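**Student:** Structure supplied as input00.tsv; contents: TSV, C-alpha atoms.
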```
chain	number	residue	atom	x	y	z
A	230	MET	CA	74.79	33.69	-47.00
A	231	THR	CA	75.34	30.77	-44.65
A	232	LYS	CA	75.34	27.43	-46.43
A	233	ILE	CA	72.69	25.05	-45.15
A	234	LEU	CA	74.38	21.79	-44.22
A	235	ALA	CA	71.39	19.94	-42.78
A	236	THR	CA	67.72	19.48	-43.59
A	237	THR	CA	64.69	18.66	-41.51
A	238	GLN	CA	65.11	15.03	-42.53
A	239	ASP	CA	68.42	14.88	-40.65
A	240	HIS	CA	66.55	15.45	-37.39
A	241	LEU	CA	63.93	12.76	-37.95
A	242	ASP	CA	64.43	9.25	-36.69
A	243	ILE	CA	62.62	7.56	-39.55
A	244	GLU	CA	64.65	6.60	-42.61
A	245	ASP	CA	61.69	5.40	-44.62
A	246	ILE	CA	58.13	4.08	-44.42
A	247	LYS	CA	57.76	1.14	-46.75
A	248	ASP	CA	55.73	-2.06	-47.02
A	249	ASN	CA	53.73	-1.10	-43.90
A	250	LEU	CA	56.84	-0.84	-41.70
A	251	LEU	CA	58.85	1.99	-40.18
A	252	ILE	CA	62.52	1.80	-41.14
A	253	LEU	CA	64.67	3.63	-38.60
A	254	LYS	CA	68.01	5.35	-39.08
A	255	ASN	CA	69.74	3.10	-36.58
A	256	GLY	CA	69.11	0.08	-38.77
A	257	GLY	CA	66.07	-1.06	-36.83
A	258	ALA	CA	62.42	-1.22	-37.77
A	259	ALA	CA	59.01	-1.15	-36.14
A	260	MET	CA	55.56	-2.42	-36.90
A	261	VAL	CA	52.63	-0.42	-35.55
A	262	LEU	CA	49.20	-1.79	-34.72
A	263	GLN	CA	46.18	0.40	-34.14
A	264	THR	CA	43.64	-0.92	-31.66
A	265	THR	CA	40.19	-0.17	-30.37
A	266	SER	CA	39.63	0.35	-26.65
A	267	VAL	CA	37.41	-0.88	-23.85
A	268	ASN	CA	35.65	1.41	-21.37
A	269	PHE	CA	36.71	-0.40	-18.23
A	270	ASP	CA	34.44	1.62	-15.93
A	271	LEU	CA	31.31	0.54	-17.81
A	272	LEU	CA	32.06	-3.15	-17.34
A	273	SER	CA	30.52	-5.16	-14.56
A	274	VAL	CA	32.78	-6.41	-11.78
A	275	ARG	CA	32.78	-9.85	-13.35
A	276	GLU	CA	33.66	-8.43	-16.77
A	277	GLN	CA	36.42	-6.28	-15.24
A	278	ASP	CA	37.96	-9.35	-13.60
A	279	ALA	CA	37.83	-11.19	-16.93
A	280	ALA	CA	39.48	-8.25	-18.74
A	281	ILE	CA	42.27	-8.05	-16.15
A	282	ALA	CA	42.84	-11.81	-16.37
A	283	ALA	CA	42.98	-11.68	-20.18
A	284	PHE	CA	45.43	-8.76	-20.12
A	285	SER	CA	47.59	-10.53	-17.56
A	286	SER	CA	47.56	-13.67	-19.71
A	287	MET	CA	48.65	-11.66	-22.74
A	288	LEU	CA	51.57	-10.10	-20.87
A	289	ASN	CA	52.69	-13.47	-19.56
A	290	SER	CA	52.58	-14.93	-23.07
A	291	LEU	CA	54.98	-12.36	-24.51
A	292	SER	CA	58.53	-13.38	-25.36
A	293	PHE	CA	59.28	-10.05	-27.05
A	294	PRO	CA	58.95	-6.36	-26.09
A	295	MET	CA	56.14	-4.09	-27.20
A	296	GLN	CA	54.90	-0.66	-26.24
A	297	ILE	CA	51.33	0.54	-25.82
A	298	VAL	CA	50.81	4.19	-26.75
A	299	VAL	CA	47.78	6.42	-26.18
A	300	ARG	CA	47.72	9.56	-28.31
A	301	SER	CA	45.34	12.42	-27.49
A	302	LYS	CA	44.67	15.17	-30.01
A	303	LYS	CA	42.13	17.91	-30.47
A	304	MET	CA	39.16	16.57	-32.38
A	305	ASP	CA	38.55	18.08	-35.81
A	306	ILE	CA	34.79	18.32	-36.36
A	307	SER	CA	34.95	20.55	-39.46
A	308	LYS	CA	34.00	17.68	-41.79
A	309	TYR	CA	31.12	16.69	-39.54
A	310	ILE	CA	29.83	20.27	-39.43
A	311	GLU	CA	30.18	20.56	-43.21
A	312	ASN	CA	28.13	17.40	-43.79
A	313	THR	CA	25.49	18.54	-41.29
A	314	ARG	CA	25.17	21.90	-43.09
A	315	LYS	CA	24.62	20.03	-46.36
A	316	ALA	CA	21.89	18.01	-44.66
A	317	GLU	CA	20.34	21.25	-43.40
A	318	LYS	CA	20.21	22.76	-46.91
A	319	ALA	CA	18.73	19.59	-48.36
A	320	GLN	CA	16.05	19.40	-45.67
A	321	GLN	CA	12.55	20.23	-47.02
A	322	ASP	CA	10.78	20.47	-43.69
A	323	GLU	CA	11.31	23.99	-42.29
A	324	LYS	CA	10.98	22.85	-38.67
A	325	LEU	CA	13.59	20.14	-39.13
A	326	LYS	CA	15.82	22.61	-40.96
A	327	GLU	CA	15.61	25.01	-38.03
A	328	GLN	CA	16.35	22.20	-35.55
A	329	THR	CA	19.39	21.18	-37.60
A	330	LYS	CA	20.64	24.77	-37.60
A	331	LYS	CA	20.28	24.95	-33.80
A	332	TYR	CA	22.08	21.63	-33.46
A	333	ILE	CA	25.02	22.89	-35.53
A	334	LYS	CA	25.24	26.01	-33.37
A	335	PHE	CA	25.10	23.89	-30.20
A	336	VAL	CA	27.94	21.61	-31.35
A	337	GLU	CA	30.12	24.56	-32.41
A	338	GLU	CA	29.64	26.32	-29.07
A	339	LEU	CA	30.23	23.10	-27.14
A	340	VAL	CA	33.55	22.47	-28.88
A	341	THR	CA	34.57	26.12	-28.49
A	342	LYS	CA	33.97	26.15	-24.73
A	343	ASN	CA	35.14	22.61	-24.04
A	344	GLU	CA	38.11	21.15	-25.88
A	345	ALA	CA	37.05	17.86	-27.44
A	346	LEU	CA	39.83	15.29	-27.50
A	347	ASP	CA	40.10	12.23	-29.67
A	348	LYS	CA	42.12	9.30	-28.30
A	349	ASN	CA	43.88	6.76	-30.47
A	350	PHE	CA	45.60	3.61	-29.29
A	351	TYR	CA	48.70	2.02	-30.80
A	352	VAL	CA	51.02	-0.89	-30.15
A	353	ALA	CA	54.61	-0.67	-31.42
A	354	ILE	CA	56.54	-3.89	-32.04
A	355	PRO	CA	60.28	-3.29	-32.55
A	356	TYR	CA	62.86	-5.16	-34.59
A	357	ASN	CA	66.62	-5.06	-33.87
A	358	ILE	CA	66.50	-3.64	-30.33
A	359	LYS	CA	69.45	-1.76	-28.93
A	360	THR	CA	69.96	0.01	-25.62
A	361	ALA	CA	66.89	2.15	-25.01
A	362	THR	CA	67.50	5.87	-24.91
A	363	PRO	CA	64.60	8.30	-24.34
A	364	GLY	CA	64.04	10.88	-27.06
A	365	SER	CA	62.28	14.20	-27.43
A	366	SER	CA	60.52	14.09	-30.79
A	367	PRO	CA	56.71	13.83	-30.97
A	368	PHE	CA	56.91	10.08	-31.40
A	369	SER	CA	59.89	9.29	-29.22
A	370	TRP	CA	58.12	6.09	-28.19
A	371	ILE	CA	59.35	4.53	-31.41
A	372	TYR	CA	63.07	5.21	-31.11
A	373	GLY	CA	62.95	5.29	-27.33
A	374	LEU	CA	61.76	1.71	-27.46
A	375	ILE	CA	64.41	0.66	-29.92
A	376	GLY	CA	67.20	2.92	-28.66
A	377	ILE	CA	67.96	5.00	-31.70
A	378	ASP	CA	70.88	7.42	-31.60
A	379	THR	CA	69.98	10.39	-33.81
A	380	LYS	CA	73.56	11.71	-33.79
A	381	LYS	CA	75.01	8.56	-35.22
A	382	LYS	CA	74.59	8.26	-38.98
A	383	THR	CA	74.31	4.71	-40.21
A	384	HIS	CA	73.96	3.42	-43.73
A	385	VAL	CA	70.54	1.82	-43.84
A	386	ASP	CA	69.85	-1.07	-46.18
A	387	VAL	CA	66.09	-0.54	-46.42
A	388	ASN	CA	65.31	-3.64	-48.49
A	389	GLY	CA	67.53	-5.84	-46.35
A	390	ILE	CA	65.92	-4.61	-43.14
A	391	LEU	CA	62.44	-5.07	-44.60
A	392	LYS	CA	63.12	-8.67	-45.50
A	393	ALA	CA	64.54	-9.55	-42.08
A	394	ALA	CA	62.02	-7.51	-40.10
A	395	LYS	CA	58.99	-9.11	-41.76
A	396	VAL	CA	60.17	-12.58	-40.82
A	397	GLN	CA	60.43	-11.59	-37.15
A	398	LEU	CA	57.54	-9.16	-36.80
A	399	GLU	CA	54.68	-10.87	-38.63
A	400	PRO	CA	54.37	-13.83	-36.20
A	401	LYS	CA	54.49	-11.36	-33.29
A	402	ARG	CA	51.76	-9.29	-34.94
A	403	ASP	CA	49.52	-12.34	-35.37
A	404	HIS	CA	50.06	-13.37	-31.75
A	405	LEU	CA	49.13	-9.92	-30.42
A	406	ILE	CA	46.04	-9.64	-32.60
A	407	LYS	CA	44.88	-13.02	-31.29
A	408	GLU	CA	45.51	-12.02	-27.66
A	409	PHE	CA	43.73	-8.67	-28.08
A	410	THR	CA	40.72	-10.45	-29.57
A	411	ARG	CA	40.37	-12.36	-26.30
A	412	MET	CA	39.88	-8.97	-24.60
A	413	ASN	CA	37.27	-7.86	-27.18
A	414	ILE	CA	39.80	-5.45	-28.65
A	415	LYS	CA	40.27	-5.24	-32.40
A	416	ALA	CA	43.83	-4.70	-33.58
A	417	LYS	CA	45.10	-4.20	-37.11
A	418	GLN	CA	48.45	-3.42	-38.64
A	419	MET	CA	48.77	0.14	-39.89
A	420	LEU	CA	49.46	0.33	-43.63
A	421	THR	CA	52.04	2.58	-45.26
A	422	GLU	CA	49.46	5.27	-46.05
A	423	ASP	CA	48.17	5.17	-42.45
A	424	LEU	CA	51.67	5.54	-41.03
A	425	VAL	CA	52.53	8.44	-43.34
A	426	ASP	CA	49.28	10.17	-42.40
A	427	LEU	CA	49.97	9.58	-38.69
A	428	PHE	CA	53.47	11.07	-38.75
A	429	TYR	CA	52.47	13.86	-41.12
A	430	ASP	CA	49.81	14.90	-38.62
A	431	THR	CA	52.29	14.50	-35.75
A	432	TYR	CA	55.01	16.67	-37.25
A	433	ASN	CA	52.65	19.10	-39.02
A	434	PRO	CA	49.80	19.64	-36.54
A	435	GLY	CA	48.92	23.04	-37.97
A	436	SER	CA	48.81	22.39	-41.69
A	437	ALA	CA	47.45	18.85	-41.31
A	438	ARG	CA	44.09	20.26	-40.20
A	439	PHE	CA	43.59	22.07	-43.51
A	440	GLN	CA	45.77	20.21	-46.00
A	441	LYS	CA	45.36	16.46	-46.20
A	442	ILE	CA	47.95	14.27	-47.85
A	443	ARG	CA	47.19	12.21	-50.93
A	444	GLN	CA	46.18	8.62	-50.53
A	445	THR	CA	48.91	7.47	-52.90
A	446	VAL	CA	52.18	8.19	-51.08
A	447	SER	CA	54.26	7.40	-54.17
A	448	ASP	CA	52.86	10.54	-55.82
A	449	TYR	CA	55.16	12.63	-53.63
A	450	THR	CA	58.68	13.40	-54.73
A	451	THR	CA	59.66	15.54	-51.71
A	452	ALA	CA	59.47	15.13	-47.94
A	453	LEU	CA	56.10	15.41	-46.23
A	454	VAL	CA	57.33	17.05	-43.04
A	455	GLU	CA	58.48	20.49	-42.05
A	456	PRO	CA	60.34	21.79	-38.99
A	457	LYS	CA	58.22	22.46	-35.94
A	458	LEU	CA	58.87	25.97	-34.66
A	459	GLU	CA	58.60	26.49	-30.92
```
Hey, can you dump this file as structure tokens for me?

**Tutor:**
Amino acid sequence: MTKILATTQDHLDIEDIKDNLLILKNGGAAMVLQTTSVNFDLLSVREQDAAIAAFSSMLNSLSFPMQIVVRSKKMDISKYIENTRKAEKAQQDEKLKEQTKKYIKFVEELVTKNEALDKNFYVAIPYNIKTATPGSSPFSWIYGLIGIDTKKKTHVDVNGILKAAKVQLEPKRDHLIKEFTRMNIKAKQMLTEDLVDLFYDTYNPGSARFQKIRQTVSDYTTALVEPKLE
């Protein structure tokens, strides 16, 4: 039997997720903000001009790099359908119960015929930037931005990086949140549990739909990811 010399973890670019930060294997780190969005087409011409001016002002105010990421994924409506079925069973009025049943059937057919996509918006703020090198993993925007070299193994002082990264990244986070507010966009830093859930869903798109991770990440004693088979 061939001895296994590497694990899935060796092919990931994340060393650890701790204290609401991504610790990368190249000794860098990244803070991720999740933001709302604005439907630009629904704005009046005056509002569009104001949004463009605010965005331009934000870009001109930056003294550090960041990356805006839009992630599209197939929408999971199973929980919504489940809750609607419960409402149908609890409904006393037979006419309303029948209407609810038809509504459920309509939604299921609509999603079956037309793929419903959910869009999420993120902003990555890096710490300890090196020469950027594009990657190929599902979230290459993180190490592509920072320039991680997956072939080079580096001893990572997680606690040391956390301490230094927080000092640099927190003021940048506050500045971006303030600038996004001017554009009527809400931005918040993703917490450790949110980041774990995000990457778990990214690297395990199949099982993530049916098996959700626990809210308390510390409950896990083994890795949360598995190899993606092509």

**Student:** I'd like the interatomic distance between CA of Arg314 in chain A and CA of Leu339 in chain A, to a tenth of an Å.

**Tutor:**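 Going from CA of Arg314 in chain A over to CA of Leu339 in chain A, I get 16.8 Å.
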
**Student:** I'd like the interatomic distance between CA of Ala259 in chain A and CA of His384 in chain A, to a tenth of an Å.

**Tutor:** 17.4 Å

**Student:** From the options A:Gln320, A:Thr313, A:Thr431, A:Asn349, which residue's atoms come nearest to Tyr332 in chain A, counting all atoms listed in the file?

**Tutor:**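 Among A:Gln320, A:Thr313, A:Thr431, A:Asn349, it is A:Thr313 that comes nearest to Tyr332 in chain A.
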
**Student:** For a quick check of understanding, using only C-alpha atoms, which of A:Ala283, A:Lys395, A:Asp347, A:Asn249 has the smallest distance to Lys417 in chain A?

**Tutor:**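 That would be A:Asn249, the residue with the smallest distance to Lys417 in chain A.
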
**Student:** Which of these residues is nearest to Phe409 in chain A, using all atoms listed in the file: A:Glu276, A:Ala319, A:Glu422, A:Val352?

**Tutor:**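 Of A:Glu276, A:Ala319, A:Glu422, A:Val352, the one nearest Phe409 in chain A is A:Val352, counting all atoms listed in the file.
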
**Student:** Skip range 241-245 of chain A itself and residues of its chain fewer than 6 positions away, then list as JSON, numbers by chain all residues within 7 Å of it, counting all atoms listed in the file.

**Tutor:** {"A": [251, 252, 253, 254, 379]}

**Student:** Of the candidates A:Leu391, A:Tyr432, A:Tyr351, A:Lys326, which shows the shortest atom-to-atom distance to Thr265 in chain A, using all atoms listed in the file?

**Tutor:**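 The closest residue to Thr265 in chain A is A:Tyr351.
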
**Student:** When you count only C-alpha atoms, which of these residues is closest to Val340 in chain A: A:Asp423, A:Glu317, A:Asp305, A:Glu408?

**Tutor:** A:Asp305

**Student:** Distance CA of Val261 in chain A-CA of Ala353 in chain A, one decimal place?

**Tutor:**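 Answer for the CA of Val261 in chain A to CA of Ala353 in chain A separation: 4.6 Å.
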
**Student:** Please provide as a PyMOL selection string all residues within 9 Å of Ile354 in chain A, with the sequence filter that same-chain residues fewer than 3 positions apart are discarded (counting all atoms listed in the file).

**Tutor:** chain A and resi 258-262+293-296+371+374+398+401-402

**Student:** For Ala416 in chain A, which residue among A:Gln277, A:Tyr356, A:Ile297, A:Asn289 is the nearest when counting all atoms listed in the file?

**Tutor:**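 Using all atoms listed in the file, the shortest distance to Ala416 in chain A belongs to A:Ile297.
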